[in-house]
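Novice: Have a look at this one.
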Amino acid sequence: METSKLNLNRRQAVKMTATLLGVGIIGADFFLSGCARKATKIEGITESVINLLDEVGETILPETPDSLGAKAAQIGLFIKAIVEDCYSPAEQHIFITGINTLEERAMDQYNTIFVDLPAETKLELLSVIDVEASKNEAETPIHYFSMMKQLTLWGYFSSEIGATQALRYNKVPQEFKGCIPYKEGDKAWV
């Protein structure tokens with residue numbers, strides 16, 4: 001089974017983030033509503049769930065020699081904040097149920113919780129779920145793993161680590177240069 005689809009290189013992730021931001025993010029209606037919704041403290045997002053989300057994020061965007069991974073960007077805390085502050089109660093329910101589903105699958109298939117799985121096994125499991133989520137999009141608009149993946153990409157590339165290490169960060173905008181030479185392997189600009 002090919003598991004490399006889920007484990008993205010940084011350039012692929014940047015393209016996916018740009019596409020994602022062009023298409024829309026689950027919970028984005030909150031931003032457009034002028035922050036009318038109140039944050040909802042969710043019982044299901046505990047410290048152990050934040051650790052689980054860090055591990056899911058690190059599996060999607062692992063540390064490389066050039067940049068730290070999603071765990072170093074504290075992706076679990078970012079996801080918790082967005083789910084509590086921006087997701088509707090229905091979206092929150094799908095997300096929390098999905099966390100439980102992920103843990104049940106890890107237990108059923110590997111007889112251990114997700115965070116204790118070896119990195120290769122985490123990638124294998126999430127790759128299978130990613131394929132299921134892609135097939136499910138035609139039937140149901142929201143799949144819990146699609147939420148996790150979107151939030152991981154968004155949170156990572158908007159974090160200091162993602163912006164400064166995985167992307168080229170221009171701290172102070174300078175003059176516009178319409179034609180900059182590109183070399184194969186160059187990072188994208190922020």
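Just so we're on the same page: first chain in the structure tokens is A, next is B, and so on; residues restart at 1 for each chain, and ligands are numbered from 1 in the order they show up.
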Would you pick out the contacts of Ser146 (chain A) at 10 Å or less, using only C-alpha atoms, so that residues sharing its chain but fewer than 6 positions from it are not included, and give the list as a short mmCIF file (atom, residue, chain, number, x, y, z; two decimals) with N, CA, C and O atoms, in the first residue's frame?

Specialist:
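Generated output (selection.cif):
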data_model
loop_
_atom_site.label_atom_id
_atom_site.label_comp_id
_atom_site.auth_asym_id
_atom_site.auth_seq_id
_atom_site.Cartn_x
_atom_site.Cartn_y
_atom_site.Cartn_z
N ILE A 25 -12.73 26.84 4.20
CA ILE A 25 -12.36 26.01 5.34
C ILE A 25 -13.62 25.78 6.16
O ILE A 25 -14.43 26.68 6.34
N ILE A 26 -13.75 24.57 6.65
CA ILE A 26 -14.88 24.25 7.51
C ILE A 26 -14.83 25.19 8.72
O ILE A 26 -13.81 25.32 9.36
N PHE A 95 -16.40 16.41 14.66
CA PHE A 95 -14.97 16.39 14.99
C PHE A 95 -14.69 15.49 16.19
O PHE A 95 -13.80 14.64 16.14
N ILE A 129 -7.53 6.29 6.10
CA ILE A 129 -8.64 7.18 6.47
C ILE A 129 -8.74 8.34 5.49
O ILE A 129 -9.85 8.77 5.13
N ASP A 130 -7.61 8.84 5.00
CA ASP A 130 -7.60 9.92 4.02
C ASP A 130 -8.31 9.50 2.74
O ASP A 130 -9.09 10.26 2.16
N GLU A 132 -10.59 7.16 2.49
CA GLU A 132 -12.01 7.05 2.85
C GLU A 132 -12.66 8.44 2.88
O GLU A 132 -13.79 8.61 2.40
N ALA A 133 -11.96 9.42 3.42
CA ALA A 133 -12.49 10.79 3.49
C ALA A 133 -12.69 11.36 2.09
O ALA A 133 -13.68 12.03 1.82
N SER A 134 -11.75 11.09 1.19
CA SER A 134 -11.85 11.58 -0.19
C SER A 134 -13.06 10.97 -0.89
O SER A 134 -13.78 11.66 -1.60
N ASN A 136 -15.70 9.82 0.64
CA ASN A 136 -16.87 10.24 1.40
C ASN A 136 -17.33 11.65 1.04
O ASN A 136 -18.48 12.00 1.26
N GLU A 137 -16.45 12.48 0.49
CA GLU A 137 -16.78 13.87 0.20
C GLU A 137 -17.95 14.01 -0.75
O GLU A 137 -18.72 14.96 -0.66
N THR A 152 -4.70 21.29 10.23
CA THR A 152 -3.26 21.08 10.34
C THR A 152 -2.52 21.97 9.35
O THR A 152 -1.55 22.65 9.70
#

Novice: Which of region 35-181 of chain A counts as helix (DSSP H, G or I) under DSSP, as a PyMOL selection string please?

Specialist: chain A and resi 47-60+75-86+89-110+114-116+119-136+144-157+160-166

Novice: Could you turn the residues from that selection into a file that holds C-alpha atoms, as a JSON list (two decimals), in the first residue's frame?

Specialist:
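The file below, part.json, is the result:
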[["chain", "number", "residue", "atom", "x", "y", "z"],
["A", 47, "GLU", "CA", -4.89, 17.42, 27.12],
["A", 48, "SER", "CA", -4.67, 13.85, 25.78],
["A", 49, "VAL", "CA", -6.73, 14.85, 22.73],
["A", 50, "ILE", "CA", -4.42, 17.81, 22.12],
["A", 51, "ASN", "CA", -1.50, 15.35, 22.19],
["A", 52, "LEU", "CA", -3.38, 13.12, 19.74],
["A", 53, "LEU", "CA", -3.96, 16.09, 17.41],
["A", 54, "ASP", "CA", -0.24, 16.96, 17.66],
["A", 55, "GLU", "CA", 0.59, 13.40, 16.57],
["A", 56, "VAL", "CA", -1.91, 13.50, 13.70],
["A", 57, "GLY", "CA", -0.44, 16.84, 12.60],
["A", 58, "GLU", "CA", 3.12, 15.55, 12.88],
["A", 59, "THR", "CA", 2.18, 12.56, 10.73],
["A", 60, "ILE", "CA", 0.77, 14.87, 8.05],
["A", 75, "ILE", "CA", -0.97, 22.28, 16.11],
["A", 76, "GLY", "CA", -3.15, 20.55, 18.72],
["A", 77, "LEU", "CA", -3.73, 23.81, 20.59],
["A", 78, "PHE", "CA", -4.50, 25.63, 17.33],
["A", 79, "ILE", "CA", -7.04, 22.97, 16.33],
["A", 80, "LYS", "CA", -8.66, 23.07, 19.77],
["A", 81, "ALA", "CA", -9.06, 26.86, 19.55],
["A", 82, "ILE", "CA", -10.59, 26.77, 16.07],
["A", 83, "VAL", "CA", -12.97, 23.90, 16.87],
["A", 84, "GLU", "CA", -14.15, 25.60, 20.08],
["A", 85, "ASP", "CA", -14.32, 29.13, 18.70],
["A", 86, "CYS", "CA", -15.34, 28.68, 15.07],
["A", 89, "PRO", "CA", -22.18, 22.56, 17.34],
["A", 90, "ALA", "CA", -22.86, 20.10, 14.49],
["A", 91, "GLU", "CA", -19.28, 20.44, 13.19],
["A", 92, "GLN", "CA", -17.92, 20.09, 16.72],
["A", 93, "HIS", "CA", -19.90, 16.88, 17.15],
["A", 94, "ILE", "CA", -18.49, 15.45, 13.90],
["A", 95, "PHE", "CA", -14.97, 16.39, 14.99],
["A", 96, "ILE", "CA", -15.21, 14.87, 18.49],
["A", 97, "THR", "CA", -16.90, 11.75, 17.14],
["A", 98, "GLY", "CA", -14.07, 11.51, 14.60],
["A", 99, "ILE", "CA", -11.43, 11.64, 17.33],
["A", 100, "ASN", "CA", -13.17, 8.75, 19.05],
["A", 101, "THR", "CA", -13.44, 6.87, 15.74],
["A", 102, "LEU", "CA", -9.71, 7.34, 15.10],
["A", 103, "GLU", "CA", -8.82, 6.00, 18.55],
["A", 104, "GLU", "CA", -11.20, 3.04, 18.14],
["A", 105, "ARG", "CA", -9.64, 2.15, 14.79],
["A", 106, "ALA", "CA", -6.14, 2.29, 16.25],
["A", 107, "MET", "CA", -7.27, 0.05, 19.10],
["A", 108, "ASP", "CA", -9.14, -2.39, 16.83],
["A", 109, "GLN", "CA", -6.38, -2.69, 14.23],
["A", 110, "TYR", "CA", -3.22, -2.35, 16.33],
["A", 114, "PHE", "CA", -2.90, 6.23, 18.19],
["A", 115, "VAL", "CA", -0.14, 8.21, 19.96],
["A", 116, "ASP", "CA", 1.66, 4.97, 20.92],
["A", 119, "ALA", "CA", 5.37, 6.59, 12.90],
["A", 120, "GLU", "CA", 5.03, 4.24, 9.92],
["A", 121, "THR", "CA", 1.86, 2.70, 11.35],
["A", 122, "LYS", "CA", 0.37, 6.13, 12.06],
["A", 123, "LEU", "CA", 1.02, 7.10, 8.46],
["A", 124, "GLU", "CA", -0.48, 3.86, 7.18],
["A", 125, "LEU", "CA", -3.66, 4.28, 9.26],
["A", 126, "LEU", "CA", -4.13, 7.96, 8.36],
["A", 127, "SER", "CA", -3.52, 7.22, 4.68],
["A", 128, "VAL", "CA", -6.36, 4.70, 4.68],
["A", 129, "ILE", "CA", -8.64, 7.18, 6.47],
["A", 130, "ASP", "CA", -7.60, 9.92, 4.02],
["A", 131, "VAL", "CA", -8.71, 7.77, 1.08],
["A", 132, "GLU", "CA", -12.01, 7.05, 2.85],
["A", 133, "ALA", "CA", -12.49, 10.79, 3.49],
["A", 134, "SER", "CA", -11.85, 11.58, -0.19],
["A", 135, "LYS", "CA", -14.46, 9.01, -1.27],
["A", 136, "ASN", "CA", -16.87, 10.24, 1.40],
["A", 144, "TYR", "CA", -13.63, 14.34, 10.48],
["A", 145, "PHE", "CA", -10.26, 13.63, 8.88],
["A", 146, "SER", "CA", -10.79, 16.35, 6.28],
["A", 147, "MET", "CA", -11.29, 18.73, 9.21],
["A", 148, "MET", "CA", -8.09, 17.54, 10.90],
["A", 149, "LYS", "CA", -6.09, 17.81, 7.70],
["A", 150, "GLN", "CA", -7.42, 21.29, 6.82],
["A", 151, "LEU", "CA", -6.74, 22.61, 10.30],
["A", 152, "THR", "CA", -3.26, 21.08, 10.34],
["A", 153, "LEU", "CA", -2.31, 22.79, 7.07],
["A", 154, "TRP", "CA", -3.87, 26.10, 8.04],
["A", 155, "GLY", "CA", -2.40, 26.11, 11.54],
["A", 156, "TYR", "CA", 1.07, 25.04, 10.47],
["A", 157, "PHE", "CA", 1.52, 27.49, 7.61],
["A", 160, "GLU", "CA", 5.78, 31.22, 13.10],
["A", 161, "ILE", "CA", 7.53, 27.90, 12.46],
["A", 162, "GLY", "CA", 5.63, 27.19, 9.25],
["A", 163, "ALA", "CA", 5.94, 30.73, 7.92],
["A", 164, "THR", "CA", 9.62, 31.20, 8.74],
["A", 165, "GLN", "CA", 11.04, 27.70, 8.24],
["A", 166, "ALA", "CA", 8.84, 25.97, 5.64]]

Novice: To one decimal place, how far is CA of Ser159 (chain A) from CA of Ala72 (chain A) in Å?

Specialist: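 Atom-to-atom, CA of Ser159 (chain A) and CA of Ala72 (chain A) are spaced 9.9 Å apart.
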